[in-house]
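The next block holds one structure in the form of structure tokens; read it before the comments.
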Amino acid sequence: MFSAAPVAGQRKWTIRVPASSANIGPGFDVLGLALTRYLTLEVSLSPCPEAESKVVLSYTGEGAKDAPTDPYKNLITRVALYVLLSHRLTFPAAAVNIVIDNQVPFGRGMGSSAAAVVAGVLLGDALGDVRLPQERVKDYALMVERHPDNVTAALCGGFTGSFLRMLEPSELAPSSIPLAEVLPAYPPNAGPPQPGDELPPQPPVNVGRHVRYGFSKEIGVVVVVPKFEVETAKARGALPDSYPRQDVVFNLQRLAVLTASLSTSPLDPNVIWEAMRDKVHQPQREGLIPGLSKIVNTMTPSTHPGLLGICLSGAGPTILALVSNEGATKPADGKATPQMEAVGEAIKDIWAQDGIEVEWLALDVDDEGAVLREHK
Ligand SMILES: Nc1ncnc2c1ncn2[C@@H]1O[C@H](COP(=O)(O)OP(=O)(O)O)[C@@H](O)[C@H]1O
Ligand SMILES: N[C@@H](CCOP(=O)(O)O)C(=O)O
């Protein structure tokens with residue numbers, strides 16, 4: 001059985017979660033980089049005269065037209081409900097107003113679903129007054145989105161490496177644990193939980209572990225975002241079940257060098273460029289992303305001075321380029337340095353040859369990660 005989360009008068013929270021770029025070349029399902037684009041929720045809860053739950057969602061920004069506003073269908077509120085139900089609670093019997101501003105485009109490889117899942121866990125935490133420590137927020141998020149790269153970067157900020165623990169069969173047993181890329185397709189009868197429904201268990205502890213690496217302040221991040229989507233689940237479906245040993249070794253060698261080379265001064269473009277190459281997911285995804293191999297194989301530090309490395313961002317189709325700003329004065333307003341602009345424009349030109357429209361952005365690394373702040 002469950003009960004409505006208790007309501008202690010009017011409360012307000014802000015939840016802010018950064019975008020993220022996963023993989024960074026060879027670190028498939030391992031590396032993540034938090035970026036300065038945000039999913040922000042302004043949440044207010046006020047006692048409701050009818051003493052029933054009224055959750056109202058509204059959107060501005062990316063996905064505003066596509067995201068469902070039914071709280072039983074929306075990814076953020078479904079994840080919040082998972083957290084509440086696992087604590088034998090449901091949405092509070094109150095007016096819950098959730099105003100969402102989203103800067104993370106859907107299905108582009110910038111971690112929109114990870115940001116939504118992390119925001120959902122924090123929302124459930126706030127509404128139920130659960131006060132989960134960061135490690136438990138991560139456990140919940142990883143039970144929904146089972147690749148830790150984006151989730152860890154979105155939650156903790158910075159440049160991260162992570163792994164999932166091999167769960168014991170007993171920890172995985174309950175069929176109600178939502179193991180999927182993101183939560184499965186909306187159940188056709190999605191609606192408020194009913195008395196007698198099986199409630200989801202709390203996740204096992206330490207589902208995933210992570211470390212944070214250094215990331216040189218002299219590296220500028222350029223993301224080039226095409227105007228088409230590639231669903232992560234589809235891009236994962238393009239990958240084989242097994243790999244030749246030489247391809248695995250190719251990636252492992254580069255992964256080990258890459259993690260240290262991005263904080264080593266002076267930055268060495270030749271090492272970084274080679275260390276950002278991949279054989280495990282990018283070649284397999286070329287069929288979904290026209291122009292990918294041309295961009296990542298022909299743009300080098302010799303052809304484009306300042307370029308450090310280039311790869312697919314997450315499952316794509318966005319391209320991530322790391323650019324050296326050593327010796328350059330970064331414009332204070334967050335605009336691109338000339339080196340970053342040259343790289344962004346060059347990628348745009350290559351894609352234009354295939355008739356693909358893009359937008360490129362100069363971003364920084366977000367160091368803070370996800371934030372849940374209550375307004376007193
Ligand atoms: N802010 C959000 N609100 C609601 N749903 C979201 C939000 N962000 C992402 N999603 C869901 O996640 C899907 C995108 O997930 P995915 O295919 O993994 O792409 P991405 O690379 O952007 O994470 C969207 O189509 C939408 O269903
Ligand atoms: N390692 C995953 C990362 C998916 O990131 P997303 O931002 O595209 O959801 C993969 O490459 O499948």
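Residues in the structure tokens are numbered from 1 in each chain, the chains being A, B, ... in the order shown, and ligands are numbered from 1 in the order shown.
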If you take only C-alpha atoms and all ligand atoms and a cut-off of 7 Å, which residues of chain A touch ligand 2, and what are their nearest atom pairs and distances in Å to one decimal, in chain and number order, as CSV?
```
residue,atom,partner,partner_atom_place_in_ligand_line,distance
A:Ser20,CA,ligand 2,7 (O),6.7
A:Ser21,CA,ligand 2,7 (O),6.0
A:Ala22,CA,ligand 2,3 (C),5.0
A:Asn23,CA,ligand 2,1 (N),5.6
A:Phe28,CA,ligand 2,1 (N),5.0
A:Asp29,CA,ligand 2,1 (N),3.7
A:Val30,CA,ligand 2,1 (N),6.9
A:Gly107,CA,ligand 2,8 (O),6.5
A:Arg108,CA,ligand 2,8 (O),6.2
A:Gly109,CA,ligand 2,8 (O),3.3
A:Met110,CA,ligand 2,7 (O),4.2
A:Gly111,CA,ligand 2,7 (O),3.4
A:Ser112,CA,ligand 2,7 (O),6.3
A:Ser113,CA,ligand 2,9 (O),6.2
A:Ala114,CA,ligand 2,9 (O),6.8
A:His147,CA,ligand 2,1 (N),5.9
A:Asp149,CA,ligand 2,1 (N),6.1
A:Asn150,CA,ligand 2,5 (O),6.1
A:Thr232,CA,ligand 2,8 (O),4.9
A:Ala235,CA,ligand 2,12 (O),6.4
A:Arg236,CA,ligand 2,12 (O),5.2
A:His281,CA,ligand 2,11 (O),7.0
A:Ser313,CA,ligand 2,7 (O),6.9
A:Gly314,CA,ligand 2,5 (O),3.7
A:Ala315,CA,ligand 2,8 (O),3.6
A:Gly316,CA,ligand 2,8 (O),5.5
```
Preceding selection exported with N, CA and C atoms as a short mmCIF file (atom, residue, chain, number, x, y, z; two decimals), in the first residue's frame:
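As a result, out33.cif now contains:
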```cif
data_model
loop_
_atom_site.label_atom_id
_atom_site.label_comp_id
_atom_site.auth_asym_id
_atom_site.auth_seq_id
_atom_site.Cartn_x
_atom_site.Cartn_y
_atom_site.Cartn_z
N SER A 20 24.94 16.50 -21.27
CA SER A 20 26.22 15.76 -21.20
C SER A 20 26.53 15.13 -22.54
N SER A 21 27.82 14.97 -22.75
CA SER A 21 28.28 14.27 -23.95
C SER A 21 28.94 12.99 -23.47
N ALA A 22 28.48 11.85 -24.00
CA ALA A 22 29.01 10.56 -23.53
C ALA A 22 29.98 9.98 -24.56
N ASN A 23 30.79 9.07 -24.09
CA ASN A 23 31.74 8.26 -24.87
C ASN A 23 33.07 8.97 -25.14
N PHE A 28 33.17 4.21 -24.78
CA PHE A 28 31.76 3.83 -24.95
C PHE A 28 31.16 3.33 -23.63
N ASP A 29 30.09 3.97 -23.20
CA ASP A 29 29.38 3.63 -21.96
C ASP A 29 30.22 3.88 -20.70
N VAL A 30 31.32 4.66 -20.84
CA VAL A 30 32.23 4.89 -19.72
C VAL A 30 32.40 6.39 -19.42
N GLY A 107 17.09 13.53 -28.38
CA GLY A 107 17.58 12.57 -29.37
C GLY A 107 18.74 13.05 -30.20
N ARG A 108 19.62 13.88 -29.64
CA ARG A 108 20.75 14.39 -30.41
C ARG A 108 22.09 13.92 -29.84
N GLY A 109 22.09 13.13 -28.77
CA GLY A 109 23.36 12.69 -28.19
C GLY A 109 23.92 13.70 -27.21
N MET A 110 23.04 14.48 -26.60
CA MET A 110 23.50 15.45 -25.58
C MET A 110 22.88 15.15 -24.21
N GLY A 111 22.47 13.90 -24.06
CA GLY A 111 22.05 13.45 -22.74
C GLY A 111 20.72 14.01 -22.25
N SER A 112 19.77 14.24 -23.19
CA SER A 112 18.48 14.79 -22.71
C SER A 112 17.77 13.80 -21.80
N SER A 113 17.82 12.51 -22.15
CA SER A 113 17.07 11.56 -21.32
C SER A 113 17.75 11.38 -19.96
N ALA A 114 19.09 11.40 -19.93
CA ALA A 114 19.77 11.28 -18.64
C ALA A 114 19.44 12.49 -17.76
N HIS A 147 23.10 3.08 -18.94
CA HIS A 147 24.50 3.37 -19.25
C HIS A 147 24.92 4.53 -18.36
N ASP A 149 27.45 6.58 -18.25
CA ASP A 149 28.27 7.72 -18.72
C ASP A 149 27.53 9.06 -18.61
N ASN A 150 26.35 9.16 -19.25
CA ASN A 150 25.61 10.43 -19.17
C ASN A 150 25.10 10.71 -17.76
N THR A 232 18.46 7.07 -29.03
CA THR A 232 19.58 6.30 -28.46
C THR A 232 19.33 4.80 -28.58
N ALA A 235 20.23 3.68 -31.98
CA ALA A 235 21.68 3.72 -32.22
C ALA A 235 22.39 2.59 -31.46
N ARG A 236 21.83 2.15 -30.36
CA ARG A 236 22.41 1.00 -29.64
C ARG A 236 22.07 -0.29 -30.37
N HIS A 281 31.84 1.92 -31.51
CA HIS A 281 30.45 2.35 -31.76
C HIS A 281 30.32 3.32 -32.93
N SER A 313 29.07 12.63 -30.31
CA SER A 313 28.63 12.92 -28.94
C SER A 313 27.55 11.91 -28.57
N GLY A 314 27.79 11.10 -27.55
CA GLY A 314 26.82 10.07 -27.16
C GLY A 314 26.51 9.17 -28.34
N ALA A 315 25.21 8.88 -28.50
CA ALA A 315 24.79 8.02 -29.61
C ALA A 315 24.54 8.84 -30.87
N GLY A 316 24.87 10.14 -30.84
CA GLY A 316 24.73 11.00 -32.00
C GLY A 316 23.32 11.54 -32.14
#
```
To test your reading of the structure, identify every residue in range 103-268 of chain A that backbone DSSP assigns to strand (DSSP E), and report it as JSON, numbers by chain.
{"A": [159, 160, 161, 162, 163, 164, 208, 209, 210, 211, 212, 213, 219, 220, 221, 222, 223, 224, 225, 226]}
Resulting file, chosen residues, C-alpha atoms, as an mmCIF file, in the first residue's frame:
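Now in result_2.cif:
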```cif
data_model
loop_
_atom_site.group_PDB
_atom_site.id
_atom_site.type_symbol
_atom_site.label_atom_id
_atom_site.label_comp_id
_atom_site.auth_asym_id
_atom_site.auth_seq_id
_atom_site.Cartn_x
_atom_site.Cartn_y
_atom_site.Cartn_z
ATOM 1 C CA PHE A 159 34.606 14.825 -16.854
ATOM 2 C CA THR A 160 33.716 11.420 -15.423
ATOM 3 C CA GLY A 161 34.427 7.750 -15.877
ATOM 4 C CA SER A 162 32.060 5.143 -14.498
ATOM 5 C CA PHE A 163 31.067 1.502 -14.441
ATOM 6 C CA LEU A 164 27.977 -0.464 -13.504
ATOM 7 C CA GLY A 208 27.407 2.273 -10.359
ATOM 8 C CA ARG A 209 30.751 3.754 -9.262
ATOM 9 C CA HIS A 210 32.544 6.714 -10.790
ATOM 10 C CA VAL A 211 35.657 8.898 -10.716
ATOM 11 C CA ARG A 212 36.177 12.483 -11.877
ATOM 12 C CA TYR A 213 39.142 13.298 -14.090
ATOM 13 C CA ILE A 219 40.036 23.221 -23.792
ATOM 14 C CA GLY A 220 37.041 24.732 -25.561
ATOM 15 C CA VAL A 221 34.063 22.507 -26.339
ATOM 16 C CA VAL A 222 32.235 22.815 -29.658
ATOM 17 C CA VAL A 223 29.100 20.782 -30.274
ATOM 18 C CA VAL A 224 27.630 20.653 -33.747
ATOM 19 C CA VAL A 225 23.985 19.646 -33.558
ATOM 20 C CA PRO A 226 22.222 18.464 -36.730
#
```
Have a look at CA of Ala260 in chain A and CA of Gly214 in chain A and let me know their distance in Å, one decimal.
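The value is 7.6 Å.
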Selected residue of minimal separation from Trp351 in chain A among A:Ala94, A:Ala80, A:Pro148, A:Pro290, counting only C-alpha atoms
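So, comparing all the options, the nearest one is A:Pro290.
As for CA of Gly309 in chain A and CA of Ala336 in chain A, they are spaced 16.7 Å apart.
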